[in-house]
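Engineer: My file is model-v6.cif. It has mmCIF, C-alpha atoms:
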```cif
data_data
loop_
_atom_site.label_atom_id
_atom_site.label_comp_id
_atom_site.auth_asym_id
_atom_site.auth_seq_id
_atom_site.Cartn_x
_atom_site.Cartn_y
_atom_site.Cartn_z
CA MET V 13 27.93 49.09 62.67
CA ILE V 14 28.17 49.78 58.93
CA ASP V 15 31.23 47.54 58.61
CA GLY V 16 29.38 44.79 60.49
CA ARG V 17 26.38 44.96 58.18
CA ILE V 18 28.64 44.86 55.13
CA ALA V 19 30.45 41.81 56.51
CA GLU V 20 27.13 40.08 57.18
CA ARG V 21 25.93 40.87 53.66
CA ARG V 22 29.12 39.46 52.13
CA GLN V 23 28.80 36.34 54.24
CA ALA V 24 25.19 35.87 53.08
CA VAL V 25 26.22 36.27 49.43
CA ARG V 26 28.99 33.68 49.86
CA GLN V 27 26.56 31.25 51.47
CA GLU V 28 24.01 31.73 48.67
CA ARG V 29 26.70 31.07 46.05
CA GLN V 30 27.68 27.90 47.85
CA ARG V 31 24.07 26.75 47.96
CA ARG V 32 23.67 27.40 44.20
CA ARG V 33 26.86 25.46 43.46
CA ARG V 34 25.63 22.54 45.55
CA ARG V 35 22.26 22.56 43.75
CA ARG V 36 23.95 22.62 40.34
CA THR V 37 26.25 19.79 41.34
CA LEU V 38 23.34 17.74 42.67
CA THR V 39 21.34 18.37 39.47
CA VAL V 40 24.23 17.26 37.28
CA VAL V 41 24.74 14.14 39.40
CA LEU V 42 21.03 13.28 39.21
CA VAL V 43 20.97 13.76 35.42
CA LEU V 44 24.00 11.51 35.04
CA VAL V 45 22.41 8.87 37.25
CA VAL V 46 19.17 8.98 35.25
CA LEU V 47 21.06 8.73 31.96
CA ALA V 48 23.06 5.81 33.28
CA LEU V 49 19.88 4.05 34.41
CA LEU V 50 18.25 4.65 31.03
CA ALA V 51 21.32 3.26 29.28
CA VAL V 52 21.18 0.14 31.47
CA ILE V 53 17.43 -0.28 30.91
CA GLU V 54 17.76 0.37 27.18
CA ARG V 55 20.17 -2.56 26.92
CA SER V 56 18.12 -4.71 29.24
CA PRO V 57 15.95 -7.65 28.09
CA LEU V 58 13.18 -5.96 30.06
CA VAL V 59 12.50 -3.70 27.03
CA ALA V 60 13.78 -5.95 24.21
CA LEU V 61 11.25 -6.38 21.38
CA ASP V 62 9.79 -9.87 21.71
CA GLU V 63 6.90 -9.95 19.22
CA VAL V 64 5.53 -8.05 16.19
CA ARG V 65 1.82 -8.65 15.67
CA VAL V 66 0.02 -7.84 12.42
CA ARG V 67 -3.70 -7.43 11.92
CA GLY V 68 -5.98 -6.35 9.09
CA VAL V 69 -4.28 -8.20 6.23
CA GLU V 70 -6.27 -9.99 3.54
CA ARG V 71 -4.24 -10.26 0.35
CA LEU V 72 -0.99 -9.40 2.08
CA THR V 73 0.63 -11.90 4.41
CA GLU V 74 1.74 -11.06 7.93
CA ASP V 75 5.33 -11.89 6.99
CA GLU V 76 5.26 -9.40 4.11
CA VAL V 77 4.24 -6.67 6.55
CA ARG V 78 6.89 -7.72 9.08
CA ASP V 79 9.57 -7.74 6.39
CA ALA V 80 8.59 -4.24 5.28
CA ALA V 81 8.50 -3.00 8.88
CA ALA V 82 12.12 -4.19 9.36
CA LEU V 83 11.76 -4.53 13.14
CA GLU V 84 14.45 -6.81 14.53
CA LEU V 85 13.48 -8.85 17.56
CA GLY V 86 15.63 -7.99 20.54
CA THR V 87 15.81 -4.31 19.60
CA SER V 88 15.06 -1.96 22.47
CA THR V 89 11.46 -0.79 22.31
CA LEU V 90 12.65 2.59 23.65
CA ARG V 91 14.15 3.43 20.24
CA LEU V 92 11.97 1.73 17.65
CA GLY V 93 10.84 4.81 15.73
CA LEU V 94 7.29 3.68 15.06
CA ARG V 95 6.58 6.49 12.58
CA ARG V 96 9.45 5.22 10.43
CA VAL V 97 7.97 1.73 10.71
CA GLU V 98 4.66 3.05 9.36
CA GLN V 99 6.42 4.81 6.49
CA ARG V 100 8.21 1.60 5.50
CA VAL V 101 5.01 -0.45 5.54
CA GLU V 102 3.20 2.23 3.53
CA THR V 103 5.55 1.51 0.62
CA LEU V 104 3.70 -1.77 0.01
CA PRO V 105 1.29 -1.10 -2.90
CA LEU V 106 -1.58 -2.91 -1.18
CA VAL V 107 -1.36 -0.80 1.99
CA GLY V 108 -3.74 2.14 2.22
CA GLU V 109 -3.29 3.07 5.87
CA VAL V 110 -1.09 1.70 8.64
CA SER V 111 -0.69 2.31 12.34
CA ALA V 112 2.11 0.94 14.53
CA SER V 113 1.81 1.00 18.32
CA ARG V 114 3.20 -0.64 21.46
CA LEU V 115 0.82 -3.08 23.09
CA ASP V 116 3.22 -3.50 26.03
CA PRO V 117 6.98 -2.98 26.60
CA LEU V 118 7.80 -6.11 24.59
CA THR V 119 5.15 -6.16 21.83
CA VAL V 120 4.45 -3.97 18.81
CA GLU V 121 1.25 -4.23 16.78
CA ILE V 122 1.02 -3.13 13.14
CA ALA V 123 -2.58 -2.51 12.03
CA VAL V 124 -3.02 -2.44 8.26
CA GLU V 125 -5.93 -1.27 6.13
CA GLU V 126 -5.49 -2.66 2.64
CA ARG V 127 -6.48 -0.87 -0.54
CA GLN V 128 -9.54 -2.48 -2.12
CA PRO V 129 -9.45 -3.37 -5.83
CA VAL V 130 -12.27 -2.13 -8.05
CA LEU V 131 -10.89 -3.09 -11.47
CA ALA V 132 -8.66 -5.66 -13.11
CA ALA V 133 -6.36 -4.82 -16.02
CA THR V 134 -5.11 -7.54 -18.33
CA GLY V 135 -2.76 -7.69 -21.27
CA GLY V 136 0.37 -9.42 -22.49
CA GLY V 137 -0.13 -12.34 -20.14
CA ARG V 138 -0.33 -10.19 -17.01
CA SER V 139 -3.35 -9.41 -14.85
CA VAL V 140 -3.24 -6.77 -12.11
CA LEU V 141 -5.73 -5.27 -9.67
CA ILE V 142 -6.37 -1.52 -9.42
CA ASP V 143 -7.96 0.50 -6.63
CA ARG V 144 -10.25 3.53 -6.97
CA GLU V 145 -7.32 5.93 -6.66
CA GLY V 146 -5.61 4.40 -9.69
CA VAL V 147 -2.90 2.50 -7.83
CA VAL V 148 -1.79 -0.82 -9.31
CA LEU V 149 -1.97 -3.16 -6.33
CA ILE V 150 -0.91 -6.69 -7.12
CA GLU V 151 -0.56 -9.24 -9.90
CA GLU V 152 -3.73 -11.29 -9.56
CA ALA V 153 -6.74 -12.32 -11.63
CA GLY V 154 -9.71 -10.03 -11.18
CA GLY V 155 -12.40 -12.62 -10.53
CA ASP V 156 -15.76 -10.84 -10.76
CA LEU V 157 -14.26 -7.36 -11.12
CA PRO V 158 -14.81 -5.36 -14.33
CA GLU V 159 -11.88 -5.87 -16.69
CA ILE V 160 -9.82 -3.37 -18.66
CA ALA V 161 -8.44 -5.33 -21.61
CA LEU V 162 -5.21 -3.79 -22.89
CA ALA V 163 -3.19 -4.42 -26.02
CA GLU V 164 0.00 -4.44 -23.91
CA ARG V 165 1.05 -5.50 -20.44
CA PRO V 166 -0.32 -3.32 -17.63
CA PRO V 167 2.12 -1.57 -15.26
CA SER V 168 3.70 -3.43 -12.36
CA PRO V 169 2.34 -3.23 -8.79
CA GLY V 170 3.12 0.10 -7.17
CA ALA V 171 2.66 2.07 -10.39
CA GLN V 172 -0.16 4.46 -11.22
CA VAL V 173 -2.64 4.03 -14.06
CA THR V 174 -1.41 7.36 -15.39
CA ASP V 175 1.88 5.65 -16.25
CA GLN V 176 0.20 4.05 -19.28
CA ALA V 177 -1.92 6.11 -21.67
CA ASP V 178 -4.51 3.50 -22.74
CA LEU V 179 -5.04 2.36 -19.15
CA ALA V 180 -5.29 5.96 -17.93
CA ASN V 181 -7.98 6.70 -20.52
CA ALA V 182 -10.04 3.64 -19.59
CA PHE V 183 -9.72 4.39 -15.87
CA ALA V 184 -10.81 8.01 -16.39
CA VAL V 185 -13.92 6.79 -18.23
CA TRP V 186 -14.67 4.31 -15.42
CA ARG V 187 -14.49 7.14 -12.88
CA GLY V 188 -16.71 9.36 -15.01
CA LEU V 189 -19.53 6.87 -15.54
CA SER V 190 -22.72 7.13 -13.56
CA GLY V 191 -23.35 4.41 -11.01
CA PRO V 192 -26.02 2.47 -12.96
CA LEU V 193 -24.04 2.57 -16.20
CA ARG V 194 -20.81 1.61 -14.44
CA ALA V 195 -22.58 -1.43 -13.00
CA GLU V 196 -23.72 -2.34 -16.51
CA VAL V 197 -20.20 -2.42 -17.97
CA THR V 198 -18.40 -5.75 -17.73
CA ARG V 199 -15.35 -4.98 -19.84
CA TYR V 200 -13.41 -1.97 -21.09
CA VAL V 201 -11.53 -2.78 -24.29
CA ALA V 202 -8.66 -0.27 -24.63
CA ARG V 203 -6.96 -0.50 -28.01
CA GLY V 204 -5.20 2.82 -27.54
CA SER V 205 -5.30 6.10 -25.64
CA ASP V 206 -8.24 7.32 -27.73
CA ASP V 207 -9.86 4.00 -28.67
CA LEU V 208 -12.07 2.57 -25.93
CA THR V 209 -15.08 0.28 -26.22
CA LEU V 210 -17.40 -0.60 -23.35
CA GLU V 211 -19.00 -4.03 -23.32
CA LEU V 212 -22.39 -4.04 -21.58
CA ARG V 213 -24.07 -6.94 -19.81
CA ARG V 214 -26.91 -6.86 -22.34
CA GLY V 215 -24.44 -7.70 -25.12
CA ILE V 216 -24.08 -4.22 -26.64
CA ASP V 217 -20.72 -2.62 -27.43
CA VAL V 218 -20.38 1.11 -26.80
CA ARG V 219 -17.68 2.88 -28.80
CA PHE V 220 -16.68 5.55 -26.31
CA GLY V 221 -13.30 6.86 -27.50
CA ARG V 222 -11.43 9.33 -25.33
CA ALA V 223 -12.24 10.24 -21.73
CA GLU V 224 -13.62 13.64 -22.66
CA ARG V 225 -17.17 15.01 -22.63
CA VAL V 226 -17.96 11.93 -20.55
CA ASP V 227 -21.20 13.35 -19.15
CA GLU V 228 -22.48 14.15 -22.65
CA LYS V 229 -21.59 10.68 -23.88
CA VAL V 230 -23.31 9.04 -20.92
CA ARG V 231 -26.48 11.06 -21.52
CA ALA V 232 -26.39 10.27 -25.24
CA LEU V 233 -26.00 6.55 -24.51
CA GLY V 234 -28.86 6.65 -22.01
CA ARG V 235 -31.18 8.23 -24.58
CA VAL V 236 -30.22 5.67 -27.22
CA LEU V 237 -30.72 2.70 -24.93
CA GLU V 238 -34.09 4.08 -23.87
CA ASP V 239 -35.14 4.56 -27.48
CA VAL V 240 -34.11 1.13 -28.71
CA GLY V 241 -35.65 -0.62 -25.71
CA THR V 242 -35.53 -4.36 -26.29
CA THR V 243 -34.65 -4.09 -29.98
CA PRO V 244 -31.49 -6.13 -30.57
CA ILE V 245 -28.54 -3.98 -31.70
CA GLU V 246 -24.84 -4.62 -32.06
CA ALA V 247 -23.29 -1.36 -30.91
CA VAL V 248 -23.71 2.32 -30.13
CA ASP V 249 -21.14 4.91 -31.11
CA VAL V 250 -21.14 7.95 -28.80
CA ARG V 251 -17.74 9.35 -29.73
CA ALA V 252 -19.67 12.31 -31.14
CA PRO V 253 -22.29 12.58 -28.39
CA ARG V 254 -24.48 15.08 -30.23
CA ALA V 255 -24.91 12.62 -33.06
CA PRO V 256 -24.78 9.08 -31.62
CA VAL V 257 -24.89 6.21 -34.07
CA VAL V 258 -26.79 2.97 -33.56
CA ILE V 259 -25.29 -0.04 -35.31
CA PRO V 260 -27.89 -2.78 -35.88
CA LEU V 261 -27.14 -6.49 -35.79
CA PRO V 262 -25.89 -7.77 -39.16
#
```
Written as structure tokens, how would this file's structure read?
Structural biologist:
Amino acid sequence: MIDGRIAERRQAVRQERQRRRRRRTLTVVLVLVVLALLAVIERSPLVALDEVRVRGVERLTEDEVRDAAALELGTSTLRLGLRRVEQRVETLPLVGEVSASRLDPLTVEIAVEERQPVLAATGGGRSVLIDREGVVLIEEAGGDLPEIALAERPPSPGAQVTDQADLANAFAVWRGLSGPLRAEVTRYVARGSDDLTLELRRGIDVRFGRAERVDEKVRALGRVLEDVGTTPIEAVDVRAPRAPVVIPLP
């Protein structure tokens, strides 16, 4: 009886091993079949990229975005790498945010949010637009935007305002101005990194100097403008904000 039970146990173990081997073999076969099907589908025109749509562009063109995305039509949409597409499009200076997604198996859409210019910088025959983060966006005239007039050419698109000392100083002053005063300034004349003059809509020049003690200078200018009222003056010097100087018309 003991020998019989041992024989039965051994037989059961052998049968279980056989079942496990069959399951492993079946699993391997199924995996290979799935991989083969994926390989066939991946090379099939059923998933070949047919169209790249672009939306949200204003100053950029759709072709500029497509060129940056570097998506080749006919490529399998199963291996596009949309995050890499977004990273490539983000290298365009005008692009603030970008999202790439599949609309269907054959179509990819690239949604772009462009950076918005707030200033123009001019000098040496070049005019560029700058956004509020200090990124040089594009070579283009500023239109109605406040102008930073430089003694030299501004940086190329893609650069930062911090790449040029006189531009960086003027931009720092722009950021530090209060809203009402910022709206009053039409032009920032930057003759150097510590020589900045603000031209106001009312025809007054403000000798501002370096982008330091900006709050004090703004308060000093506000007091002076309030004191002079409608009296015509040529300029106000607030480089020493505790002792501002009013320069009358000649």
Engineer: Give me the result of the PyMOL selection byres ((chain V and resi 156) around 10) on this file, residue by residue, as a list of chain:residue names.
Structural biologist: V:Val130, V:Leu131, V:Ala132, V:Ala153, V:Gly154, V:Gly155, V:Leu157, V:Pro158, V:Glu159, V:Thr198
Engineer: Take the point (-24.9, -5.8, -35.8) in the file's coordinates, draw a sphere of radius 7 Å around it, and report as a list in words every protein, DNA or RNA residue with an atom inside or on it, counting only C-alpha atoms.
Structural biologist: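 The residues that fall inside the cut-off are Ile245, Glu246, Ala247, Ile259, Pro260, Leu261 and Pro262 of chain V.
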Engineer: Please enumerate the residues selected by the PyMOL selection byres ((chain V and resi 151) around 7) when evaluated against the supplied file, formatted as a PyMOL selection string.
Structural biologist: chain V and resi 139-141+150+152+169
Engineer: Which residues are close to Arg199 of chain V, i.e. within 8 Å by all atoms listed in the file, leaving aside same-chain residues fewer than 5 positions away? Reply as a PyMOL selection string.
Structural biologist: chain V and resi 158-161+210-212
Engineer: Residue by residue, what does the PyMOL selection byres ((chain V and resi 100) around 10) grab here? Present the result as a ChimeraX atom specification.
Structural biologist: /V:77,79-82,94-99,101-104,110
Engineer: Under the rule that only C-alpha atoms are counted, which of V:Arg35, V:Arg214, V:Arg203, V:Arg165 is the nearest residue to Thr243 of chain V?
Structural biologist: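 That would be V:Arg214, the residue with the smallest distance to Thr243 of chain V.
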Engineer: Which is closer to Arg219 of chain V than all the others in V:Thr119, V:Ala60, V:Ala195, V:Arg251, using all atoms listed in the file?
Structural biologist: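 Among V:Thr119, V:Ala60, V:Ala195, V:Arg251, it is V:Arg251 that comes nearest to Arg219 of chain V.
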Engineer: Within 9 Å of (-4.0, -7.6, -0.2) in the file's own coordinates, which protein, DNA or RNA residues have an atom, counting all atoms listed in the file? List them as a list of chain:residue names.
Structural biologist: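 Checked against the point, the hits come out as V:Val69, V:Glu70, V:Arg71, V:Leu72, V:Thr73, V:Pro105, V:Leu106, V:Val107, V:Glu126, V:Arg127, V:Gln128, V:Pro129, V:Leu149, V:Ile150.
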Engineer: Using C-alpha atoms, can you write the selected residues to a file as a short mmCIF file (atom, residue, chain, number, x, y, z; two decimals), in the coordinates of the input?
Structural biologist:
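File written: out.cif
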```cif
data_model
loop_
_atom_site.label_atom_id
_atom_site.label_comp_id
_atom_site.auth_asym_id
_atom_site.auth_seq_id
_atom_site.Cartn_x
_atom_site.Cartn_y
_atom_site.Cartn_z
CA VAL V 69 -4.28 -8.20 6.23
CA GLU V 70 -6.27 -9.99 3.54
CA ARG V 71 -4.24 -10.26 0.35
CA LEU V 72 -0.99 -9.40 2.08
CA THR V 73 0.63 -11.90 4.41
CA PRO V 105 1.29 -1.10 -2.90
CA LEU V 106 -1.58 -2.91 -1.18
CA VAL V 107 -1.36 -0.80 1.99
CA GLU V 126 -5.49 -2.66 2.64
CA ARG V 127 -6.48 -0.87 -0.54
CA GLN V 128 -9.54 -2.48 -2.12
CA PRO V 129 -9.45 -3.37 -5.83
CA LEU V 149 -1.97 -3.16 -6.33
CA ILE V 150 -0.91 -6.69 -7.12
#
```
Engineer: Which residue is closest to Ala202 of chain V? Choose from V:Thr242, V:Gln172, V:Thr134, V:Ser190 and count only C-alpha atoms.
Structural biologist: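 Once distances to Ala202 of chain V are computed over only C-alpha atoms, the minimum belongs to V:Thr134.
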Engineer: For segment 120-123 of chain V, find every residue with an atom within 7 Å (counting only C-alpha atoms), except residues of its own chain fewer than 6 positions away, and show them as a PyMOL selection string.
Structural biologist: chain V and resi 63-68+110-114
Engineer: Pick out the closest residue to Pro256 of chain V from this set: V:Ala177, V:Gly234, V:Pro192, V:Arg213. Count all atoms listed in the file.
Structural biologist: V:Gly234
Engineer: Of the residues V:Trp186, V:Asn181, V:Asp227, V:Arg91, which is the one nearest to Asp143 of chain V, using all atoms listed in the file?
Structural biologist: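 Of the candidates, the smallest distance to Asp143 of chain V is held by V:Trp186.
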Engineer: For a test of reading the model, state the distance in Å between atom CA of Glu164 of chain V and atom CA of Ala182 of chain V, rounded to one decimal.
Structural biologist: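 Between atom CA of Glu164 of chain V and atom CA of Ala182 of chain V the gap is 13.6 Å.
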Engineer: Please, what distance in Å, to one decimal, runs between atom CA of Arg225 of chain V and atom CA of Val173 of chain V?
Structural biologist: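 Computing it gives 20.1 Å between the two atoms.
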Engineer: Taking only C-alpha atoms into account, name the residue in V:Glu238, V:Asp116, V:Glu145, V:Asp75 that is nearest to Arg187 of chain V.
Structural biologist: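 The answer is V:Glu145, which sits nearest to Arg187 of chain V.
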Engineer: Quote the spacing between atom CA of Glu196 of chain V and atom CA of Glu125 of chain V in Å to one decimal place.
Structural biologist: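 These atoms are spaced 28.8 Å apart.
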